Amino acid sequence: MSRLNEIVVISGKGGTGKTTLTASIIPYLGNCVIADCDVDAPDLDILFEKKLISHKEFSGSNKAYINNETCIKCNKCIENCKFNAISDNYIINEMRCEGCTVCEYICPVDAISMYKAKTGELYISETVYGEIVHAKLNPGEETSGRLISEVRKKSKEIAKNNSINNIIIDGAPGVACNVISSITGVTKVIIVTEPTMSGIHDLKRVYELTSKFRLEVEVVINKYDLSIEKSTEIEKYCMENKIKLELKIAFNENIVKAITKKQIPSIYLKNWFMELGFDKWCDSLVNK
Ligand code: SF4
Ligand code: SF4
């Protein structure tokens, strides 16, 4: 088996077309594993007809629990919890508890114990293009990095067990640690940007992040014709930093129409995408 080819699509912020581009690449990869690492707002799977294969709860963080029968109401835990997670009637607020274990350590009668809390869900589904590993983090939870690592681990297992060479990842948006979890160790990073002030600003920030990991990077400008001036600025930035600018996608309102109809844009608008050289570019991404 050849080396596993992991391609991740990211953007400096949400709403630049990251998921649309990821979905459009998938049909051109042949048999692949799909990993949706945008666990805070997963919507890649919505574009595919799919059949659920498995589902499990994900426990990403520790939370404290007070046994009220043992508690002598000394208030030490309340006074020492710097996250204000314990109420005056000795009940832990799960949303606030950071699982630091200070209260467990400080309690004089061992009335506090820690437990693994359910912080999300992990799913594996079957699509016509291959299996998709997708997940959903519960609102307010901060363990997205761990859930992303779990999604990536599962997708690699599926690839290995089925001798599949290509994994396509819809990465987390932004520049926080969840992006690092999405890009660590991948073969190639595709950054999607748009010709706006904020698009350029976010491109620079996310590129700086990828540079720290010495990853191979390619840039795609989405809706490039909405501002030729800003697109030229992006091209200049790519040239100065020796980043490959692989594709410029024009604005096409039928892409929105395709998504509304739950269709993959590159299939719905096959000829239009082919004219952009999309199929050839996707071919260059594949590990055969
Ligand atoms: S584990 Fe830490 S954050 Fe949670 S209740 Fe105890 S002291 Fe507060
Ligand atoms: S430190 Fe222990 S005994 Fe004291 S109030 Fe908290 S749970 Fe109760």
# chains A, B, ... in the order shown; residues from 1 in each chain; ligands from 1
>>> closest_atom_pairs(of="region 99-213 of chain A", to="region 23-35 of chain A", cutoff="6 Å", atoms="only C-alpha atoms", output="CSV")
residue,atom,partner,partner_atom,distance
A:Tyr129,CA,A:Asn31,CA,5.9
A:Gly130,CA,A:Cys32,CA,5.4
A:Glu131,CA,A:Val33,CA,5.3
A:Ile132,CA,A:Ile34,CA,4.4
A:Val133,CA,A:Ala35,CA,4.9
A:Asn166,CA,A:Cys32,CA,5.0
A:Ile167,CA,A:Val33,CA,4.7
A:Ile168,CA,A:Ile34,CA,5.1
A:Ile169,CA,A:Ala35,CA,4.7
>>> residues_near_ligand(ligand="ligand 2", cutoff="8 Å", atoms="only C-alpha atoms and all ligand atoms", output="PyMOL selection string")
chain A and resi 66-68+70-78+90+103-104+106-112
>>> residues_near_ligand(ligand="ligand 1", cutoff="6 Å", atoms="only C-alpha atoms and all ligand atoms", output="list in words")
Lys63, Ala64, Cys81, Phe83, Ala85, Ile86, Ile92, Cys97, Glu98, Gly99, Cys100, Thr101, Val102 and Cys103 of chain A
>>> closest_atom_pairs(of="region 71-189 of chain A", to="region 2-8 of chain A", cutoff="12 Å", atoms="only C-alpha atoms", output="JSON lines")
{"residue": "A:Arg152", "atom": "CA", "partner": "A:Glu6", "partner_atom": "CA", "distance": 9.7}
{"residue": "A:Lys153", "atom": "CA", "partner": "A:Glu6", "partner_atom": "CA", "distance": 11.8}
{"residue": "A:Ser155", "atom": "CA", "partner": "A:Glu6", "partner_atom": "CA", "distance": 10.0}
{"residue": "A:Lys156", "atom": "CA", "partner": "A:Leu4", "partner_atom": "CA", "distance": 8.4}
{"residue": "A:Glu157", "atom": "CA", "partner": "A:Leu4", "partner_atom": "CA", "distance": 11.0}
{"residue": "A:Ile158", "atom": "CA", "partner": "A:Leu4", "partner_atom": "CA", "distance": 11.5}
{"residue": "A:Ala159", "atom": "CA", "partner": "A:Leu4", "partner_atom": "CA", "distance": 8.1}
{"residue": "A:Lys160", "atom": "CA", "partner": "A:Leu4", "partner_atom": "CA", "distance": 8.4}
{"residue": "A:Asn162", "atom": "CA", "partner": "A:Leu4", "partner_atom": "CA", "distance": 11.9}
{"residue": "A:Ser163", "atom": "CA", "partner": "A:Ser2", "partner_atom": "CA", "distance": 9.0}
{"residue": "A:Ile164", "atom": "CA", "partner": "A:Leu4", "partner_atom": "CA", "distance": 7.8}
{"residue": "A:Asn165", "atom": "CA", "partner": "A:Leu4", "partner_atom": "CA", "distance": 4.9}
{"residue": "A:Asn166", "atom": "CA", "partner": "A:Asn5", "partner_atom": "CA", "distance": 4.8}
{"residue": "A:Ile167", "atom": "CA", "partner": "A:Glu6", "partner_atom": "CA", "distance": 4.8}
{"residue": "A:Ile168", "atom": "CA", "partner": "A:Ile7", "partner_atom": "CA", "distance": 5.0}
{"residue": "A:Ile169", "atom": "CA", "partner": "A:Val8", "partner_atom": "CA", "distance": 4.5}
{"residue": "A:Asp170", "atom": "CA", "partner": "A:Val8", "partner_atom": "CA", "distance": 6.0}
{"residue": "A:Gly171", "atom": "CA", "partner": "A:Val8", "partner_atom": "CA", "distance": 5.9}
{"residue": "A:Ala172", "atom": "CA", "partner": "A:Val8", "partner_atom": "CA", "distance": 9.5}
{"residue": "A:Pro173", "atom": "CA", "partner": "A:Val8", "partner_atom": "CA", "distance": 11.2}
{"residue": "A:Val179", "atom": "CA", "partner": "A:Val8", "partner_atom": "CA", "distance": 10.1}
{"residue": "A:Ile180", "atom": "CA", "partner": "A:Val8", "partner_atom": "CA", "distance": 11.2}
{"residue": "A:Ser181", "atom": "CA", "partner": "A:Val8", "partner_atom": "CA", "distance": 11.0}
{"residue": "A:Ser182", "atom": "CA", "partner": "A:Val8", "partner_atom": "CA", "distance": 7.3}
{"residue": "A:Ile183", "atom": "CA", "partner": "A:Val8", "partner_atom": "CA", "distance": 6.6}
{"residue": "A:Thr184", "atom": "CA", "partner": "A:Val8", "partner_atom": "CA", "distance": 9.8}
{"residue": "A:Gly185", "atom": "CA", "partner": "A:Glu6", "partner_atom": "CA", "distance": 8.3}
{"residue": "A:Val186", "atom": "CA", "partner": "A:Glu6", "partner_atom": "CA", "distance": 5.0}
{"residue": "A:Thr187", "atom": "CA", "partner": "A:Glu6", "partner_atom": "CA", "distance": 5.1}
{"residue": "A:Lys188", "atom": "CA", "partner": "A:Ile7", "partner_atom": "CA", "distance": 4.9}
{"residue": "A:Val189", "atom": "CA", "partner": "A:Val8", "partner_atom": "CA", "distance": 5.0}
>>> residues_around(residues="Glu275 (chain A)", least_positions_apart="6", cutoff="12 Å", atoms="only C-alpha atoms", output="list of chain:residue names")
A:Leu247, A:Lys248, A:Ile249, A:Ala250, A:Ser266, A:Leu269, A:Trp281
>>> write_last_selection(atoms="N, CA and C atoms", output="PDB file, in the first residue's frame")
ATOM      1  N   LEU A 247      -6.157  27.488  -8.021  1.00  0.00           N
ATOM      2  CA  LEU A 247      -7.456  27.605  -8.670  1.00  0.00           C
ATOM      3  C   LEU A 247      -8.143  28.915  -8.306  1.00  0.00           C
ATOM      4  N   LYS A 248      -8.823  29.485  -9.298  1.00  0.00           N
ATOM      5  CA  LYS A 248      -9.650  30.659  -9.029  1.00  0.00           C
ATOM      6  C   LYS A 248     -11.065  30.287  -9.468  1.00  0.00           C
ATOM      7  N   ILE A 249     -11.989  30.319  -8.524  1.00  0.00           N
ATOM      8  CA  ILE A 249     -13.372  29.941  -8.831  1.00  0.00           C
ATOM      9  C   ILE A 249     -14.221  31.214  -8.901  1.00  0.00           C
ATOM     10  N   ALA A 250     -14.902  31.384 -10.021  1.00  0.00           N
ATOM     11  CA  ALA A 250     -15.748  32.576 -10.180  1.00  0.00           C
ATOM     12  C   ALA A 250     -17.036  32.424  -9.375  1.00  0.00           C
ATOM     13  N   SER A 266     -19.847  20.341  -7.792  1.00  0.00           N
ATOM     14  CA  SER A 266     -19.031  19.922  -8.934  1.00  0.00           C
ATOM     15  C   SER A 266     -19.720  18.853  -9.793  1.00  0.00           C
ATOM     16  N   LEU A 269     -22.876  21.097 -11.453  1.00  0.00           N
ATOM     17  CA  LEU A 269     -22.382  22.015 -12.491  1.00  0.00           C
ATOM     18  C   LEU A 269     -21.127  21.428 -13.131  1.00  0.00           C
ATOM     19  N   TRP A 281      -7.101  19.530 -11.613  1.00  0.00           N
ATOM     20  CA  TRP A 281      -6.520  19.895 -10.315  1.00  0.00           C
ATOM     21  C   TRP A 281      -6.773  18.772  -9.299  1.00  0.00           C
TER      22      TRP A 281
END
>>> select_by_dssp(residues="region 20-226 of chain A", states="strand (DSSP E)", output="ChimeraX atom specification")
/A:33-36,51-66,112-127,130-137,166-170,188-193,216-222
>>> select_by_dssp(residues="region 145-231 of chain A", states="helix (DSSP H, G or I)", output="ChimeraX atom specification")
/A:145-161,177-183,197-212,224-226,228-231
>>> write_last_selection(atoms="C-alpha atoms", output="PDB file, in the first residue's frame")
ATOM      1  CA  GLY A 145      -9.461  19.299  19.487  1.00  0.00           C
ATOM      2  CA  ARG A 146      -9.890  15.891  21.105  1.00  0.00           C
ATOM      3  CA  LEU A 147     -13.009  15.100  19.090  1.00  0.00           C
ATOM      4  CA  ILE A 148     -11.205  16.127  15.877  1.00  0.00           C
ATOM      5  CA  SER A 149      -8.324  13.809  16.776  1.00  0.00           C
ATOM      6  CA  GLU A 150     -10.851  11.010  17.235  1.00  0.00           C
ATOM      7  CA  VAL A 151     -12.408  11.727  13.803  1.00  0.00           C
ATOM      8  CA  ARG A 152      -8.959  11.629  12.197  1.00  0.00           C
ATOM      9  CA  LYS A 153      -7.956   8.466  14.038  1.00  0.00           C
ATOM     10  CA  LYS A 154     -11.140   6.673  12.915  1.00  0.00           C
ATOM     11  CA  SER A 155     -10.751   7.807   9.303  1.00  0.00           C
ATOM     12  CA  LYS A 156      -7.171   6.506   9.236  1.00  0.00           C
ATOM     13  CA  GLU A 157      -8.308   3.159  10.669  1.00  0.00           C
ATOM     14  CA  ILE A 158     -10.962   2.837   7.951  1.00  0.00           C
ATOM     15  CA  ALA A 159      -8.432   3.739   5.241  1.00  0.00           C
ATOM     16  CA  LYS A 160      -5.904   1.225   6.577  1.00  0.00           C
ATOM     17  CA  ASN A 161      -8.433  -1.595   6.979  1.00  0.00           C
ATOM     18  CA  CYS A 177      -6.059  24.803  18.317  1.00  0.00           C
ATOM     19  CA  ASN A 178      -8.889  22.911  16.600  1.00  0.00           C
ATOM     20  CA  VAL A 179      -7.278  23.895  13.268  1.00  0.00           C
ATOM     21  CA  ILE A 180      -3.974  22.487  14.496  1.00  0.00           C
ATOM     22  CA  SER A 181      -5.759  19.204  15.268  1.00  0.00           C
ATOM     23  CA  SER A 182      -7.145  19.217  11.704  1.00  0.00           C
ATOM     24  CA  ILE A 183      -3.819  19.818   9.931  1.00  0.00           C
ATOM     25  CA  MET A 197     -10.179  42.631   3.271  1.00  0.00           C
ATOM     26  CA  SER A 198     -11.055  40.052   5.921  1.00  0.00           C
ATOM     27  CA  GLY A 199     -10.411  37.190   3.485  1.00  0.00           C
ATOM     28  CA  ILE A 200      -6.836  38.401   2.870  1.00  0.00           C
ATOM     29  CA  HIS A 201      -6.245  39.059   6.553  1.00  0.00           C
ATOM     30  CA  ASP A 202      -7.452  35.562   7.505  1.00  0.00           C
ATOM     31  CA  LEU A 203      -5.465  33.942   4.688  1.00  0.00           C
ATOM     32  CA  LYS A 204      -2.261  35.470   6.076  1.00  0.00           C
ATOM     33  CA  ARG A 205      -3.033  34.309   9.603  1.00  0.00           C
ATOM     34  CA  VAL A 206      -3.882  30.763   8.616  1.00  0.00           C
ATOM     35  CA  TYR A 207      -0.868  30.531   6.289  1.00  0.00           C
ATOM     36  CA  GLU A 208       1.411  31.648   9.144  1.00  0.00           C
ATOM     37  CA  LEU A 209      -0.058  28.834  11.210  1.00  0.00           C
ATOM     38  CA  THR A 210       0.540  26.183   8.529  1.00  0.00           C
ATOM     39  CA  SER A 211       4.108  27.486   7.994  1.00  0.00           C
ATOM     40  CA  LYS A 212       4.982  26.518  11.556  1.00  0.00           C
ATOM     41  CA  TYR A 224     -12.462  35.697  -7.299  1.00  0.00           C
ATOM     42  CA  ASP A 225     -14.373  37.916  -9.754  1.00  0.00           C
ATOM     43  CA  LEU A 226     -16.232  39.745  -6.977  1.00  0.00           C
ATOM     44  CA  ILE A 228     -10.345  41.559  -9.169  1.00  0.00           C
ATOM     45  CA  GLU A 229      -8.300  44.089  -7.192  1.00  0.00           C
ATOM     46  CA  LYS A 230      -8.343  42.001  -4.005  1.00  0.00           C
ATOM     47  CA  SER A 231      -7.790  38.782  -5.985  1.00  0.00           C
TER      48      SER A 231
END
>>> residues_around(residues="Thr19 (chain A)", least_positions_apart="6", cutoff="8 Å", atoms="only C-alpha atoms", output="JSON, numbers by chain")
{"A": [9, 43, 44, 170]}
>>> write_last_selection(atoms="C-alpha atoms", output="short mmCIF file (atom, residue, chain, number, x, y, z; two decimals), in the first residue's frame")
data_model
loop_
_atom_site.label_atom_id
_atom_site.label_comp_id
_atom_site.auth_asym_id
_atom_site.auth_seq_id
_atom_site.Cartn_x
_atom_site.Cartn_y
_atom_site.Cartn_z
CA VAL A 9 -9.31 21.98 3.28
CA ASP A 43 -22.57 20.11 7.64
CA LEU A 44 -20.49 18.26 5.04
CA ASP A 170 -13.07 19.24 5.94
#
>>> closest_residue(among="A:Glu253, A:Asp283, A:Glu216, A:Asp45", to="Ser125 (chain A)", atoms="only C-alpha atoms")
A:Asp45
